[in-house]
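What follows is one structure encoded as structure tokens, with my remarks underneath.
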Amino acid sequence: MADAPRLGRVLSAMVTPMRADGSVDLDSAQRLATHLVDEGHDGIVVSGTTGESPTTTAAEKEELLRAVIGAVGDRAVIVAGAGSNDTAKSVEAVRMAEKVGAHAVLAVTPYYNKPPQAGLVAHFLALADASDLPVMVYDIPGRSGIAIARETYLRIAEHDRIVAVKDARGELWLASQLMEQTGLDWYSGDDAMNLAHFGNGAVGFVGVTSQTCPAVYRRMADAVLEGRWDDARAIHRLLHAMVDAVMYVTQGAIMAKAALAEQGIIASGTVRLPLVEASDEQREQIRAALATVA
């Protein structure tokens, strides 16, 4: 594992806390960000998909980013979610992130419109050219409908500001080859595969479940970094119930918010349509899972 990766090692795609009326709760956002850093995070992604970026406005994203930077920007790497399926809007988001003081941006593969690989190259390079911020590319074909091809990785890795990949693709053999061929910092983007990605050479992870029990995830990362693989495996297995509850019952942001509200870290589990708040049964599943990592 590389030492001191520039974008951090233990990161969460932070939820966007909301009040019962659906408005963004900046106080809860600052409280959550502070909690994550206090418990071992060295990076936070703001307005990723788990932050409900499809249903928050540009103005809300800017306010949220300012709030998180104000709370922990001097203690952690703040990565602003800036990707979309509209390159022009994504460029605007990158420029806003730089203006506000983010340390990096996350650029997801354009979704739904399924561009050709040449379009992916042009999109990612446009975002990298839009500011002086480093870029983490997010490869998640299960949501975007298209995977980043090997040749595309080789092309975009030539850009000095494209420095990292959030991998939610789950092809470990390909990831191993691409790490060697591109020199990009590799991050697990799949909670269930964090340990596997670490074993494969990833420098860290960008998680969802990790915000619900951050100290446990920090311990796993530290065990890997120190070569204590038996300890890392034990922690990975300890997290089985929590990952299952957050990621495989319903949508991840719904259950992460339910867990955080249950712990009193955020004020409400409110989400915006088309997401719906966790049901009583789902909240009971979260409570049971939290008990396994308490």
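For the structure tokens, the naming scheme is as follows: chains receive sequential letters (A, B, ...) according to their order of presentation, residues are indexed from 1 within each chain, and ligands are indexed from 1 in presentation order.
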
Tell me which protein, DNA and RNA residues are within 10 Å of A:Gln181, counting only C-alpha atoms, leaving out same-chain ones fewer than 5 positions away, and put them as an MDAnalysis selection string. chainID A and resid 150 153:154 157 175:176

If you count only C-alpha atoms, which residues fall within 9 Å of A:His159, apart from same-chain ones fewer than 3 positions away, as a list in words?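 Result of the neighbour search: Leu125, Ala128, Asp129, Arg155, Ile156, Ile162 and Val163 of chain A.
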
Using only all heavy atoms, please write the residues we just selected to a file, as a PDB file, in the first residue's frame.
ATOM      1  N   LEU A 125     -11.474  14.562 -19.381  1.00  0.00           N
ATOM      2  CA  LEU A 125     -10.432  15.554 -19.634  1.00  0.00           C
ATOM      3  C   LEU A 125     -10.972  16.968 -19.490  1.00  0.00           C
ATOM      4  O   LEU A 125     -10.270  17.867 -19.001  1.00  0.00           O
ATOM      5  CB  LEU A 125      -9.818  15.341 -21.020  1.00  0.00           C
ATOM      6  CG  LEU A 125      -9.043  14.034 -21.221  1.00  0.00           C
ATOM      7  CD1 LEU A 125      -8.421  13.999 -22.615  1.00  0.00           C
ATOM      8  CD2 LEU A 125      -7.971  13.832 -20.154  1.00  0.00           C
ATOM      9  N   ALA A 128     -11.004  17.659 -15.835  1.00  0.00           N
ATOM     10  CA  ALA A 128      -9.644  17.849 -15.326  1.00  0.00           C
ATOM     11  C   ALA A 128      -9.068  19.195 -15.752  1.00  0.00           C
ATOM     12  O   ALA A 128      -8.274  19.802 -15.020  1.00  0.00           O
ATOM     13  CB  ALA A 128      -8.752  16.710 -15.811  1.00  0.00           C
ATOM     14  N   ASP A 129      -9.467  19.664 -16.923  1.00  0.00           N
ATOM     15  CA  ASP A 129      -8.978  20.944 -17.427  1.00  0.00           C
ATOM     16  C   ASP A 129      -9.700  22.146 -16.804  1.00  0.00           C
ATOM     17  O   ASP A 129      -9.262  23.282 -16.966  1.00  0.00           O
ATOM     18  CB  ASP A 129      -9.150  21.015 -18.953  1.00  0.00           C
ATOM     19  CG  ASP A 129      -8.137  20.174 -19.705  1.00  0.00           C
ATOM     20  OD1 ASP A 129      -7.066  19.869 -19.123  1.00  0.00           O
ATOM     21  OD2 ASP A 129      -8.406  19.806 -20.870  1.00  0.00           O
ATOM     22  N   ARG A 155      -5.629   6.453 -21.423  1.00  0.00           N
ATOM     23  CA  ARG A 155      -5.627   7.797 -22.015  1.00  0.00           C
ATOM     24  C   ARG A 155      -5.801   8.870 -20.942  1.00  0.00           C
ATOM     25  O   ARG A 155      -5.043   9.848 -20.904  1.00  0.00           O
ATOM     26  CB  ARG A 155      -6.753   7.894 -23.051  1.00  0.00           C
ATOM     27  CG  ARG A 155      -6.930   9.261 -23.664  1.00  0.00           C
ATOM     28  CD  ARG A 155      -5.760   9.664 -24.538  1.00  0.00           C
ATOM     29  NE  ARG A 155      -5.922  11.014 -25.047  1.00  0.00           N
ATOM     30  CZ  ARG A 155      -5.542  12.115 -24.395  1.00  0.00           C
ATOM     31  NH1 ARG A 155      -4.960  12.013 -23.190  1.00  0.00           N
ATOM     32  NH2 ARG A 155      -5.727  13.311 -24.919  1.00  0.00           N
ATOM     33  N   ILE A 156      -6.769   8.714 -20.060  1.00  0.00           N
ATOM     34  CA  ILE A 156      -7.033   9.781 -19.087  1.00  0.00           C
ATOM     35  C   ILE A 156      -5.953   9.842 -18.016  1.00  0.00           C
ATOM     36  O   ILE A 156      -5.719  10.901 -17.423  1.00  0.00           O
ATOM     37  CB  ILE A 156      -8.437   9.653 -18.454  1.00  0.00           C
ATOM     38  CG1 ILE A 156      -8.587   8.377 -17.634  1.00  0.00           C
ATOM     39  CG2 ILE A 156      -9.523   9.746 -19.534  1.00  0.00           C
ATOM     40  CD1 ILE A 156      -9.928   8.237 -16.923  1.00  0.00           C
ATOM     41  N   ILE A 162      -5.702  13.924 -13.172  1.00  0.00           N
ATOM     42  CA  ILE A 162      -6.482  12.712 -12.931  1.00  0.00           C
ATOM     43  C   ILE A 162      -5.576  11.754 -12.175  1.00  0.00           C
ATOM     44  O   ILE A 162      -4.618  11.209 -12.723  1.00  0.00           O
ATOM     45  CB  ILE A 162      -7.010  12.109 -14.239  1.00  0.00           C
ATOM     46  CG1 ILE A 162      -8.003  13.091 -14.883  1.00  0.00           C
ATOM     47  CG2 ILE A 162      -7.682  10.751 -13.983  1.00  0.00           C
ATOM     48  CD1 ILE A 162      -8.589  12.627 -16.210  1.00  0.00           C
ATOM     49  N   VAL A 163      -5.877  11.581 -10.886  1.00  0.00           N
ATOM     50  CA  VAL A 163      -4.913  10.938  -9.985  1.00  0.00           C
ATOM     51  C   VAL A 163      -5.444   9.681  -9.305  1.00  0.00           C
ATOM     52  O   VAL A 163      -4.658   8.932  -8.713  1.00  0.00           O
ATOM     53  CB  VAL A 163      -4.440  11.932  -8.901  1.00  0.00           C
ATOM     54  CG1 VAL A 163      -3.791  13.155  -9.540  1.00  0.00           C
ATOM     55  CG2 VAL A 163      -5.578  12.353  -7.973  1.00  0.00           C
TER      56      VAL A 163
END

So how far away is atom CA of A:Leu174 from atom CA of A:Met136, in Å? 17.8 Å

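For the pair atom CA of A:Asp74 and atom CA of A:Val24, the separation is 22.9 Å.
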
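Remark: for A:Gly51, the closest of the candidate residues A:Pro214, A:Pro17, A:Gly183, A:Gly83 is A:Pro17 (distances computed over only C-alpha atoms).
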
Which polymer residues have any atom within 12 Å of an atom of A:Glu171, counting only C-alpha atoms, with same-chain residues fewer than 2 positions away left out, as a list in words? Asp139, Ile140, Pro141, Ala147, Ile148, Arg150, Asp167, Ala168, Arg169, Trp173, Leu174, Ala175, Ser176, Gln177, Leu178, Ser188, Gly189, Asp190, Met193, Ala196, His197 and Asn200 of chain A

The selected residues should be written to file as a PDB file, in the first residue's frame (atoms: C-alpha atoms).
ATOM      1  CA  ASP A 139     -16.278   3.751 -12.315  1.00  0.00           C
ATOM      2  CA  ILE A 140     -19.700   2.305 -11.439  1.00  0.00           C
ATOM      3  CA  PRO A 141     -21.278   0.592 -14.450  1.00  0.00           C
ATOM      4  CA  ALA A 147     -17.822   0.846 -17.799  1.00  0.00           C
ATOM      5  CA  ILE A 148     -14.570   2.675 -18.387  1.00  0.00           C
ATOM      6  CA  ARG A 150      -8.849  -0.138 -20.340  1.00  0.00           C
ATOM      7  CA  ASP A 167     -13.788   1.400  -8.225  1.00  0.00           C
ATOM      8  CA  ALA A 168     -17.321   0.077  -7.813  1.00  0.00           C
ATOM      9  CA  ARG A 169     -16.872  -2.318 -10.703  1.00  0.00           C
ATOM     10  CA  TRP A 173      -7.882  -8.708 -11.950  1.00  0.00           C
ATOM     11  CA  LEU A 174      -8.513  -5.748 -14.232  1.00  0.00           C
ATOM     12  CA  ALA A 175      -7.992  -3.362 -11.324  1.00  0.00           C
ATOM     13  CA  SER A 176      -4.639  -4.967 -10.538  1.00  0.00           C
ATOM     14  CA  GLN A 177      -3.510  -4.542 -14.130  1.00  0.00           C
ATOM     15  CA  LEU A 178      -4.728  -0.950 -14.314  1.00  0.00           C
ATOM     16  CA  SER A 188     -12.572   0.593  -3.229  1.00  0.00           C
ATOM     17  CA  GLY A 189     -16.012   1.949  -3.999  1.00  0.00           C
ATOM     18  CA  ASP A 190     -17.826  -1.182  -2.867  1.00  0.00           C
ATOM     19  CA  MET A 193     -14.973  -5.518  -1.252  1.00  0.00           C
ATOM     20  CA  ALA A 196     -10.268  -7.504  -1.175  1.00  0.00           C
ATOM     21  CA  HIS A 197      -9.290  -4.219  -2.788  1.00  0.00           C
ATOM     22  CA  ASN A 200      -5.130  -6.133  -4.384  1.00  0.00           C
TER      23      ASN A 200
END

Any idea what's packed within 12 Å of A:Ile146, counting only C-alpha atoms, ignoring anything in its chain fewer than 3 positions away? Could you give it as a list in words? Asn85, Val108, Thr109, Pro110, Tyr111, Tyr112, Asn113, Lys114, Pro115, Pro116, Gln117, Gly119, Leu120, Tyr138, Asp139, Ile140, Pro141, Gly142, Arg143, Ala149 and Arg169 of chain A

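Using only C-alpha atoms, the smallest distance between any of A:Val79, A:Ala102, A:Leu260, A:Gly43 and A:Arg66 comes from A:Ala102.
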
Contacts of stretch 268-271 of chain A within 12 Å, only C-alpha atoms, excl. fewer than 3 positions in-chain, as a ChimeraX atom specification: /A:15-25,27-29,50-56,251-265,274-280,282-283

Mind checking which residues fall within 8 Å of A:Gly48, counting only C-alpha atoms, ignoring those fewer than 6 positions away in the same chain, and posting them as a count of residues only? 6

Run DSSP on the backbone and tell me which residues of stretch 44-246 of chain A come out as strand (DSSP E or B); list them as a PyMOL selection string. chain A and resi 44-46+77-81+104-108+135-139+162-167+185-188+204-207

Fewer than 6 positions away in the same chain doesn't count, so skip those; otherwise give me all residues within 12 Å of A:Glu39, counting only C-alpha atoms, as a list in words.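 That gives Val10, Leu11, Ser12, Leu32, Ala33, Arg75, Ala76, Ser210, Gln211, Thr212, Cys213, Pro214, Ala215, Val216, Tyr217, Arg218 and Arg219 of chain A.
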